[in-house]
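Asks: Please find one structure pasted underneath; my questions will follow.
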Amino acid sequence: MSWEVPDPQRLGLLLGPDASPGEGDYKGFGTTFPHRLAALPSAAGLWAHTPEATEYLLELAFESAQQLQLGSDDVPDLLMVSISGTDYSGHVFGPDSWEYADHLRRADRAILRLAERLSARTQLAVLITSDHGAARLPERVGGAPAAVRIDSAALELAINAAIEAVASPGAWVGGYLEPYLYLSPAARARPDHARMRGAALEALRAQPGIAAVYDTSDLQALRTAPSEIDQRVLRSIDPATSGDFFVVVAPNTVPDIGMVAGAGTTHGSPWDYDTHVPVLIWGPNVTPGVNHEVLQQGRVAGTLSALLGVAPPTAARLPPLPGVTAPAAARKVDADPK
């Protein structure tokens, strides 16, 4: 199999050269078109990065709807599809790459084809959104603030050295896995654990590309903090399972997530490019229009309920998104189906 683009000249005009700094060569897949899979030992896994895999996924969704006879009676059915291929392409090549643009274009066409085929079978309502955005490749970001890559291994060594300066030589850092830095069990068991923790916190806050660091053992200050960033961090921390420090990277900073060292991008920060995503809705209970308000993603649950014509689950306390109205006689959702 070979992944090629039909319109390289247009992509070049829109996005610049195919070979751009910061794009990753993941498992020999290459950084420029064409991407050939046939001779690669990891071809099966790399296929998931291609738009062909997304097209097959949506074909499977349609076949599943047929086999399960969705939409064949007056009981509402919910078909949910998670498209991960665009995420894979974005991680490796970045959101400004030819690969991401071509994958997104072909995914868009495949979604439209699925919607048209389902509409021919039954009355259809559709909601499309995303769980996150992504940072641009630091190499493609100009101006201030400076774009930075964080080398996870180098960061761990720097924090471990800071702890050793107030304690003794040892393996005190368990690892950095965005957004958490973990101390080792040996560090947590030390009598001078609090001093070691303080040294780690101070050293983390001094590292390039880090905007803020929160000690997850002390969240009281966060609960009353007025900053929206602070509140987003607070909602993201589960004290029972979190790491020792929640690290907020600076805007345009990309931590190394281990796919391709020193290349690609990731997500997970509280900045707008990560947290602001579009939502597209159409259906019989939707008033056409465009809304530019910043809306809570938790409203998606109530919106889906309204589109299905059912009462929302008990935990869905937020109203549907603007332009969506619930039918007057909504079906009750069985919270504990037998």
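Identifiers for the structure tokens are assigned positionally: chains receive A, B, ... in sequence, residues are indexed from 1 per chain, and ligands are indexed from 1 in the order shown.
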If you count only C-alpha atoms, which residues fall within 9 Å of His132 (chain A), apart from same-chain ones fewer than 6 positions away, as a ChimeraX atom specification?
Replies: /A:267-268,273-277
Asks: Only C-alpha atoms, please: the residues just picked out, written as a CSV table (one decimal), in the first residue's frame.
Replies:
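Output file part24.csv follows:
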chain,number,residue,atom,x,y,z
A,267,HIS,CA,-2.0,17.8,23.4
A,268,GLY,CA,-3.1,18.0,27.0
A,273,TYR,CA,-5.4,25.5,20.9
A,274,ASP,CA,-5.8,22.3,23.0
A,275,THR,CA,-9.2,23.0,24.7
A,276,HIS,CA,-11.3,24.8,22.1
A,277,VAL,CA,-12.8,22.4,19.5
Asks: Could you give me, as a ChimeraX atom specification, each residue of region 5-66 of chain A that DSSP assigns to alpha helix (DSSP H) when run on this structure's backbone?
Replies: /A:8-15,43-46,51-66
Asks: If you keep C-alpha atoms, can you produce a file of those selected residues as a PDB file, in the first residue's frame?
Replies:
ATOM      1  CA  PRO A   8       0.561  18.298  -4.053  1.00  0.00           C
ATOM      2  CA  GLN A   9       0.709  21.729  -5.698  1.00  0.00           C
ATOM      3  CA  ARG A  10      -2.351  22.954  -3.794  1.00  0.00           C
ATOM      4  CA  LEU A  11      -1.057  21.582  -0.496  1.00  0.00           C
ATOM      5  CA  GLY A  12       2.261  23.282  -1.122  1.00  0.00           C
ATOM      6  CA  LEU A  13       0.556  26.637  -1.686  1.00  0.00           C
ATOM      7  CA  LEU A  14      -1.553  26.238   1.456  1.00  0.00           C
ATOM      8  CA  LEU A  15       0.963  24.696   3.848  1.00  0.00           C
ATOM      9  CA  ALA A  43       3.021  -1.916   8.362  1.00  0.00           C
ATOM     10  CA  ALA A  44      -0.089  -3.207  10.165  1.00  0.00           C
ATOM     11  CA  GLY A  45       0.256  -0.658  12.971  1.00  0.00           C
ATOM     12  CA  LEU A  46       1.210   2.193  10.646  1.00  0.00           C
ATOM     13  CA  PRO A  51      -6.821   8.001   5.779  1.00  0.00           C
ATOM     14  CA  GLU A  52      -7.601   4.629   4.225  1.00  0.00           C
ATOM     15  CA  ALA A  53      -7.966   3.192   7.732  1.00  0.00           C
ATOM     16  CA  THR A  54     -10.445   5.961   8.599  1.00  0.00           C
ATOM     17  CA  GLU A  55     -12.430   5.231   5.435  1.00  0.00           C
ATOM     18  CA  TYR A  56     -12.557   1.540   6.343  1.00  0.00           C
ATOM     19  CA  LEU A  57     -13.683   2.425   9.868  1.00  0.00           C
ATOM     20  CA  LEU A  58     -16.642   4.419   8.560  1.00  0.00           C
ATOM     21  CA  GLU A  59     -17.508   1.629   6.133  1.00  0.00           C
ATOM     22  CA  LEU A  60     -17.559  -0.686   9.152  1.00  0.00           C
ATOM     23  CA  ALA A  61     -19.870   1.756  10.944  1.00  0.00           C
ATOM     24  CA  PHE A  62     -22.332   1.634   8.051  1.00  0.00           C
ATOM     25  CA  GLU A  63     -22.166  -2.146   7.822  1.00  0.00           C
ATOM     26  CA  SER A  64     -22.775  -2.375  11.579  1.00  0.00           C
ATOM     27  CA  ALA A  65     -25.834  -0.135  11.266  1.00  0.00           C
ATOM     28  CA  GLN A  66     -27.164  -2.416   8.552  1.00  0.00           C
TER      29      GLN A  66
END
Asks: Counting only C-alpha atoms, figure out which residue out of A:Gln207, A:Leu127, A:Gly142, A:Phe246 gets nearest to Gly302 (chain A).
Replies: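 Ranking A:Gln207, A:Leu127, A:Gly142, A:Phe246 by distance to Gly302 (chain A), first place goes to A:Leu127.
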Asks: Hey, can you check how far CA of Ile111 (chain A) sits from CA of Gly30 (chain A)?
Replies: 27.3 Å
Asks: Just the residues within 6 Å of region 87-94 of chain A, please, counting only C-alpha atoms, with nothing from its chain fewer than 5 positions along; format it as a ChimeraX atom specification.
Replies: /A:23-24,49,100,137,264-266
Asks: Which neighbours of Glu4 (chain A) fall inside 7 Å, counting only C-alpha atoms, when residues of the same chain fewer than 6 positions from it are skipped, and could you give them as a PyMOL selection string?
Replies: chain A and resi 33-35
Asks: For C-alpha atoms, I'd like the residues from the last selection saved as an mmCIF file, in the first residue's frame.
Replies:
data_model
loop_
_atom_site.group_PDB
_atom_site.id
_atom_site.type_symbol
_atom_site.label_atom_id
_atom_site.label_comp_id
_atom_site.auth_asym_id
_atom_site.auth_seq_id
_atom_site.Cartn_x
_atom_site.Cartn_y
_atom_site.Cartn_z
ATOM 1 C CA PHE A 33 4.877 11.574 0.293
ATOM 2 C CA PRO A 34 4.500 8.930 -0.892
ATOM 3 C CA HIS A 35 4.401 6.893 2.331
#
Asks: Quick one: residues within 10 Å of Ala186 (chain A), only C-alpha atoms, excluding same-chain residues fewer than 2 positions away - as a list in words?
Replies: Gly170, Ala171, Trp172, Val173, Gly174, Leu183, Ser184, Arg188, Ala189, Arg190 and His193 of chain A
Asks: Taking N, CA and C atoms for each residue, export the selection above as a short mmCIF file (atom, residue, chain, number, x, y, z; two decimals), in the first residue's frame.
Replies:
data_model
loop_
_atom_site.label_atom_id
_atom_site.label_comp_id
_atom_site.auth_asym_id
_atom_site.auth_seq_id
_atom_site.Cartn_x
_atom_site.Cartn_y
_atom_site.Cartn_z
N GLY A 170 20.72 9.22 44.41
CA GLY A 170 19.69 8.19 44.35
C GLY A 170 18.78 8.38 43.17
N ALA A 171 17.93 7.39 42.93
CA ALA A 171 16.94 7.47 41.85
C ALA A 171 15.65 8.00 42.45
N TRP A 172 15.54 9.32 42.53
CA TRP A 172 14.42 9.95 43.24
C TRP A 172 13.24 10.30 42.33
N VAL A 173 13.47 10.37 41.02
CA VAL A 173 12.39 10.70 40.08
C VAL A 173 11.91 9.42 39.42
N GLY A 174 10.61 9.17 39.51
CA GLY A 174 10.04 7.97 38.91
C GLY A 174 9.81 8.11 37.42
N LEU A 183 7.53 11.11 41.61
CA LEU A 183 8.66 10.75 42.44
C LEU A 183 8.68 9.23 42.63
N SER A 184 9.85 8.69 42.89
CA SER A 184 9.97 7.24 43.07
C SER A 184 9.45 6.84 44.45
N ARG A 188 9.44 8.87 48.24
CA ARG A 188 8.27 9.08 49.10
C ARG A 188 8.47 8.47 50.48
N ALA A 189 9.33 7.46 50.58
CA ALA A 189 9.55 6.78 51.87
C ALA A 189 10.59 7.46 52.74
N ARG A 190 11.28 8.46 52.21
CA ARG A 190 12.35 9.11 52.98
C ARG A 190 11.80 9.99 54.10
N HIS A 193 11.25 13.60 53.08
CA HIS A 193 10.45 13.63 51.85
C HIS A 193 9.96 15.05 51.53
#
Asks: Pick out the closest residue to His292 (chain A) from this set: A:Ala212, A:Ala316, A:Ala206, A:Leu321. Count only C-alpha atoms.
Replies: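 Looking at the shortest contact to His292 (chain A), the residue is A:Leu321.
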Asks: Could you pull out the strand (DSSP E or B) residues of region 166-304 of chain A from DSSP and send them as a list in words?
Replies: Val173, Gly174, Gly175, Tyr176, Leu177, Tyr180, Leu181, Tyr182, Leu183, Ile210, Ala211, Ala212, Val213, Tyr214, Asp215, Phe245, Phe246, Val247, Val248, Val249, Val254, Pro255, Leu280, Ile281, Trp282 and Val286 of chain A
Asks: Got time to write the residues from that selection, N, CA and C atoms, as an mmCIF file, in the first residue's frame?
Replies:
data_model
loop_
_atom_site.group_PDB
_atom_site.id
_atom_site.type_symbol
_atom_site.label_atom_id
_atom_site.label_comp_id
_atom_site.auth_asym_id
_atom_site.auth_seq_id
_atom_site.Cartn_x
_atom_site.Cartn_y
_atom_site.Cartn_z
ATOM 1 N N VAL A 173 13.473 10.372 41.020
ATOM 2 C CA VAL A 173 12.393 10.696 40.079
ATOM 3 C C VAL A 173 11.906 9.419 39.417
ATOM 4 N N GLY A 174 10.614 9.169 39.514
ATOM 5 C CA GLY A 174 10.037 7.972 38.913
ATOM 6 C C GLY A 174 9.806 8.110 37.422
ATOM 7 N N GLY A 175 9.577 9.339 36.937
ATOM 8 C CA GLY A 175 9.349 9.544 35.510
ATOM 9 C C GLY A 175 8.502 10.775 35.257
ATOM 10 N N TYR A 176 8.548 11.237 34.026
ATOM 11 C CA TYR A 176 7.695 12.342 33.580
ATOM 12 C C TYR A 176 6.827 11.852 32.445
ATOM 13 N N LEU A 177 5.547 11.796 32.683
ATOM 14 C CA LEU A 177 4.568 11.416 31.672
ATOM 15 C C LEU A 177 3.500 12.496 31.683
ATOM 16 N N TYR A 180 2.149 14.775 34.301
ATOM 17 C CA TYR A 180 2.637 14.529 35.660
ATOM 18 C C TYR A 180 4.128 14.206 35.700
ATOM 19 N N LEU A 181 4.781 14.685 36.750
ATOM 20 C CA LEU A 181 6.086 14.182 37.132
ATOM 21 C C LEU A 181 5.905 13.357 38.398
ATOM 22 N N TYR A 182 6.474 12.159 38.414
ATOM 23 C CA TYR A 182 6.325 11.226 39.523
ATOM 24 C C TYR A 182 7.634 11.118 40.293
ATOM 25 N N LEU A 183 7.533 11.110 41.608
ATOM 26 C CA LEU A 183 8.665 10.753 42.441
ATOM 27 C C LEU A 183 8.682 9.234 42.626
ATOM 28 N N ILE A 210 8.056 25.603 30.928
ATOM 29 C CA ILE A 210 7.055 25.242 31.939
ATOM 30 C C ILE A 210 6.427 26.508 32.501
ATOM 31 N N ALA A 211 5.096 26.575 32.408
ATOM 32 C CA ALA A 211 4.376 27.771 32.850
ATOM 33 C C ALA A 211 3.998 27.710 34.322
ATOM 34 N N ALA A 212 3.649 26.531 34.819
ATOM 35 C CA ALA A 212 3.215 26.396 36.215
ATOM 36 C C ALA A 212 3.340 24.947 36.640
ATOM 37 N N VAL A 213 3.528 24.749 37.947
ATOM 38 C CA VAL A 213 3.611 23.402 38.514
ATOM 39 C C VAL A 213 2.773 23.378 39.783
ATOM 40 N N TYR A 214 1.986 22.318 39.960
ATOM 41 C CA TYR A 214 1.109 22.177 41.120
ATOM 42 C C TYR A 214 1.460 20.905 41.874
ATOM 43 N N ASP A 215 1.632 21.045 43.183
ATOM 44 C CA ASP A 215 1.869 19.899 44.046
ATOM 45 C C ASP A 215 0.519 19.232 44.313
ATOM 46 N N PHE A 245 3.401 15.847 40.820
ATOM 47 C CA PHE A 245 3.348 17.233 40.375
ATOM 48 C C PHE A 245 2.612 17.313 39.036
ATOM 49 N N PHE A 246 1.657 18.229 38.963
ATOM 50 C CA PHE A 246 0.944 18.485 37.709
ATOM 51 C C PHE A 246 1.682 19.623 37.003
ATOM 52 N N VAL A 247 2.203 19.344 35.821
ATOM 53 C CA VAL A 247 3.037 20.302 35.096
ATOM 54 C C VAL A 247 2.238 20.912 33.948
ATOM 55 N N VAL A 248 2.114 22.234 33.959
ATOM 56 C CA VAL A 248 1.473 22.955 32.856
ATOM 57 C C VAL A 248 2.579 23.536 31.987
ATOM 58 N N VAL A 249 2.657 23.061 30.748
ATOM 59 C CA VAL A 249 3.687 23.575 29.848
ATOM 60 C C VAL A 249 3.282 24.962 29.351
ATOM 61 N N VAL A 254 5.984 21.702 23.526
ATOM 62 C CA VAL A 254 5.604 20.322 23.220
ATOM 63 C C VAL A 254 6.497 19.367 24.003
ATOM 64 N N PRO A 255 5.948 18.620 24.964
ATOM 65 C CA PRO A 255 6.737 17.585 25.644
ATOM 66 C C PRO A 255 6.976 16.394 24.720
ATOM 67 N N LEU A 280 -20.290 20.370 15.262
ATOM 68 C CA LEU A 280 -21.203 20.482 14.131
ATOM 69 C C LEU A 280 -22.424 19.626 14.432
ATOM 70 N N ILE A 281 -23.605 20.192 14.222
ATOM 71 C CA ILE A 281 -24.844 19.477 14.538
ATOM 72 C C ILE A 281 -25.832 19.695 13.414
ATOM 73 N N TRP A 282 -26.508 18.637 13.004
ATOM 74 C CA TRP A 282 -27.675 18.843 12.147
ATOM 75 C C TRP A 282 -28.687 17.734 12.413
ATOM 76 N N VAL A 286 -32.838 20.841 14.911
ATOM 77 C CA VAL A 286 -31.737 21.797 14.921
ATOM 78 C C VAL A 286 -32.093 23.006 14.057
#
Asks: Point out the residue among A:Gln67, A:Ser168, A:Thr216, A:Asn160 with the least atom-to-atom distance to Ala199 (chain A), counting only C-alpha atoms.
Replies: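 When distances to Ala199 (chain A) are compared using only C-alpha atoms, the smallest one comes from A:Asn160.
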Asks: To one decimal place in Å, what is the distance between CA of Leu308 (chain A) and CA of Leu70 (chain A)?
Replies: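 Distance between the two atoms: 12.8 Å.
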Asks: Can you list, as an MDAnalysis selection string, every protein, DNA or RNA residue that comes within 10 Å of Ala115 (chain A) when you count only C-alpha atoms, leaving out same-chain residues fewer than 3 positions away?
Replies: chainID A and resid 58 62 109:112 118:120 124:126
Asks: So which one's closest to Ser82 (chain A), A:Ala261, A:Ala311, A:Ala167, A:Ile128? Using only C-alpha atoms, please.
Replies: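 Checking each of A:Ala261, A:Ala311, A:Ala167, A:Ile128 against Ser82 (chain A), counting only C-alpha atoms, the winner is A:Ile128.
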Asks: In Å, rounded to a single decimal, give me how far CA of Asp244 (chain A) is from CA of Arg197 (chain A).
Replies: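 Separation between CA of Arg197 (chain A) and CA of Asp244 (chain A): 8.6 Å.
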